[in-house]
Amino acid sequence: MTPPLAGAATNRRKFLGLTGLGAVAVAGGGLLSACGEGGGSKGAATDTNKVSGVLPAQGKLPDGIPAPDIASTRPIADGYKKYPTSLVDAITDKPGKSGKEISAMAPAWGPAPPGLGQNAYLTALNEELGIPVNFSMQDGLTYADKLNAMLGARDVPELLCVPQWEVEKLPRFADAVKVLFEDLTDHLSGDKVNAYPMLATFPTGAWQNALWNQRLMAVPNPTDGPFPWALFYRKDLLDAKGLTYPKTIDELLAIGKQVTDTKAGVWAFSDIFAMVQMFHKAPASETGWRLKSDGTPEHKYETAEFKAALEVMARIYKDGLVHPDLAASKGGDMKKLMESGRIIFMQDGIGAWQGMQAQQQKVTPTFNLQPVPIFSATGGDPLVWGDDKPISYTFIKKGVGKERIEELLRVINWCSAPFGTREYHVREYGVEGKHHTMGPDGPVKTDLGFKEIANQYFFISGRSPVVQPWPETPNYVSDLLGYSNAMVKFMETNPWDGIKLEFPATYKSQTVPYEDKITDIVRGRRALTEFDGLVNEWRTAGGGNEARDFLAKARSDAGK
């Protein structure tokens, strides 16, 4: 499944919330003040190769799962162009035994789905599980605010979904993990995972990222696509003007000016700064770091590539090519503007693609959303940002007891059944005749399905990643994997691959404030001439130099 949450990465800066966790820890007697592996305020680095013994053993998919139609280059997932004609029953016993309601929290984007007792999808899934799961579905755009309050108060549900992009921004998160959540190592490491065979099908790399303090602390939700961003364009609208997608920065700017017609209420772009950075080959690994020729870590703020991208994006704003609702402080609804043709280019996560295409082609039959192939603004091969980190993690509340942990893991295991199983089908599509109808090309969601299914169970589990077919968009799998497999060959190499990093608290806590200052420059609220001074300030007050030393030591300690 292509993660529906990918587009939510556009709001990462809103997810910073745990800065206050350190203050809460001090007020509470220092319970969260230090990480057992030397983390806390100074950060921590774990060489995952040295703790492989705590990882689950790799299992195999259930018998009868069909082979994919499109084989991909890892970490791109394989794809299916047709829905299986028969489904495998992967799990025979109901995972729930106690009957005790499970509390869970996960993000949702769009209208909130009805809750327990008012949602036929939840009723059907909970019947399958043999136990009710009561979801608190929180707005994905403000999810970190809820997390901040919850973690700061040490009041968490039994199952908590924490997206990966939030983890990267939360200071002292390892400390919170140690205090608030169960250590799952003794339940899942090695052959112990065989009690939960669906979890054993996850890629090893996903489990490596679920380590905190050298222990297995969460169940990962493996990604089926490594790219955080794409630049989408309305191909149908460009075709009507006799234009095609840009292949250089000059073409991007020229097309932007050609399609912007303020009298008609049309502008070229949403905020596309991440893509402009990528076009200029600014680094993105581990929040924006790379190695200089002498082996010293260098942050993107310190590179000529980032400065060039900053200047281009500032020019785009100055020339009035970004829709004013999106340039305003309050922001606007980028997706609705894209759907209505009020903007032509949109920076978003890959997960935005299929859903928008499926819905809008009903309104506008010619609607055609496509990604711009990544190009280099400076010549040579492009640089494509990406990594194989999980979409999210599911944590289990500390102190629930051994039997409850096992029951919760059985529920997660059921929800993690892979594509081609009956369990996956029910989880994704609910009840036939209510939430979907079966056509010759597979299940098609009904209006009730769209209303009641908000990936609730997806976000408290994981699954062996694939790209599944969608009858409404028969070309989607081929289009997506054609793009993805072409781009993956240019994916950035991470110098810290194999090292799980928990950055120093100062660096994490200052990331968003300095991103906001950069945004002020991009949008013309501060002068471009202030950038160099801002970078110097970031090195000291923003924790940049401390992070550089931390990264250098992490590589040295890992023998790199």
# chains A, B, ... in the order shown; residues from 1 in each chain; ligands from 1
$ residues_around --residues "segment 152-166 of chain A" --least-positions-apart "3" --cutoff "7 Å" --atoms "only C-alpha atoms" --output "PyMOL selection string"
chain A and resi 12+15-16+21+24+102-106+148-149+169-170+180+390-397+459-460
$ atom_distance --atom1 "atom CA of Val477 of chain A" --atom2 "atom CA of Asp239 of chain A"
22.3 Å
$ atom_distance --atom1 "atom CA of Leu383 of chain A" --atom2 "atom CA of Asp479 of chain A"
20.5 Å
$ atom_distance --atom1 "atom CA of Ala314 of chain A" --atom2 "atom CA of Ile272 of chain A"
10.9 Å
$ select_by_dssp --residues "segment 140-175 of chain A" --states "strand (DSSP E or B)" --output "VMD selection string"
chain A and resid 159 to 163
$ write_last_selection --atoms "N, CA and C atoms" --output "compact mmCIF listing (two decimals), in the first residue's frame"
# COMPACT_ATOMS: atom_id res chain seq x y z
N LEU A 159 -1.68 1.46 22.70
CA LEU A 159 -0.99 1.43 21.41
C LEU A 159 -0.88 2.85 20.90
N LEU A 160 0.34 3.28 20.62
CA LEU A 160 0.58 4.65 20.16
C LEU A 160 1.40 4.63 18.88
N CYS A 161 0.86 5.27 17.85
CA CYS A 161 1.58 5.43 16.58
C CYS A 161 2.37 6.74 16.62
N VAL A 162 3.68 6.64 16.34
CA VAL A 162 4.53 7.83 16.23
C VAL A 162 5.20 7.81 14.85
N PRO A 163 4.84 8.73 13.95
CA PRO A 163 5.45 8.77 12.63
C PRO A 163 6.95 9.04 12.70
$ closest_residue --among "A:Pro220, A:Asp447, A:Ala282, A:Lys517" --to "Phe531 of chain A" --atoms "only C-alpha atoms"
A:Lys517
$ closest_residue --among "A:Leu551, A:Ala176, A:Ala57, A:Leu199" --to "Arg463 of chain A" --atoms "only C-alpha atoms"
A:Leu199
$ residues_around --residues "Leu237 of chain A" --least-positions-apart "4" --cutoff "10 Å" --atoms "only C-alpha atoms" --output "number ranges by chain"
A: 233, 241-244, 259, 341, 344, 366-369
$ closest_atom_pairs --of "segment 332-402 of chain A" --to "segment 59-83 of chain A" --cutoff "10 Å" --atoms "only C-alpha atoms" --output "Markdown table"
| residue | atom | partner | partner_atom | distance |
| --- | --- | --- | --- | --- |
| A:Gly386 | CA | A:Pro75 | CA | 9.4 |
| A:Asp387 | CA | A:Pro75 | CA | 8.0 |
| A:Asp388 | CA | A:Pro75 | CA | 6.2 |
| A:Lys389 | CA | A:Pro75 | CA | 9.8 |
$ residues_around --residues "segment 303-309 of chain A" --least-positions-apart "5" --cutoff "9 Å" --atoms "only C-alpha atoms" --output "list in words"
Phe273, Ala274, Val276, Gln277, Met278, Phe279, His280, Lys281, Ala282, Pro283, Glu298, Ala314, Thr378 and Phe531 of chain A
$ closest_atom_pairs --of "segment 319-367 of chain A" --to "segment 426-446 of chain A" --cutoff "12 Å" --atoms "only C-alpha atoms" --output "Markdown table"
| residue | atom | partner | partner_atom | distance |
| --- | --- | --- | --- | --- |
| A:Gly355 | CA | A:Lys445 | CA | 11.6 |
| A:Ala358 | CA | A:Val444 | CA | 10.7 |
| A:Gln359 | CA | A:Lys445 | CA | 11.3 |
$ residues_around --residues "segment 533-550 of chain A" --least-positions-apart "5" --cutoff "12 Å" --atoms "only C-alpha atoms" --output "PyMOL selection string"
chain A and resi 38-39+41-45+286-292+295-303+306-307+496+501-518+520-521+526-528+555-557
$ closest_residue --among "A:Lys560, A:Lys336, A:Lys247, A:Arg404" --to "Gly110 of chain A" --atoms "only C-alpha atoms"
A:Lys336
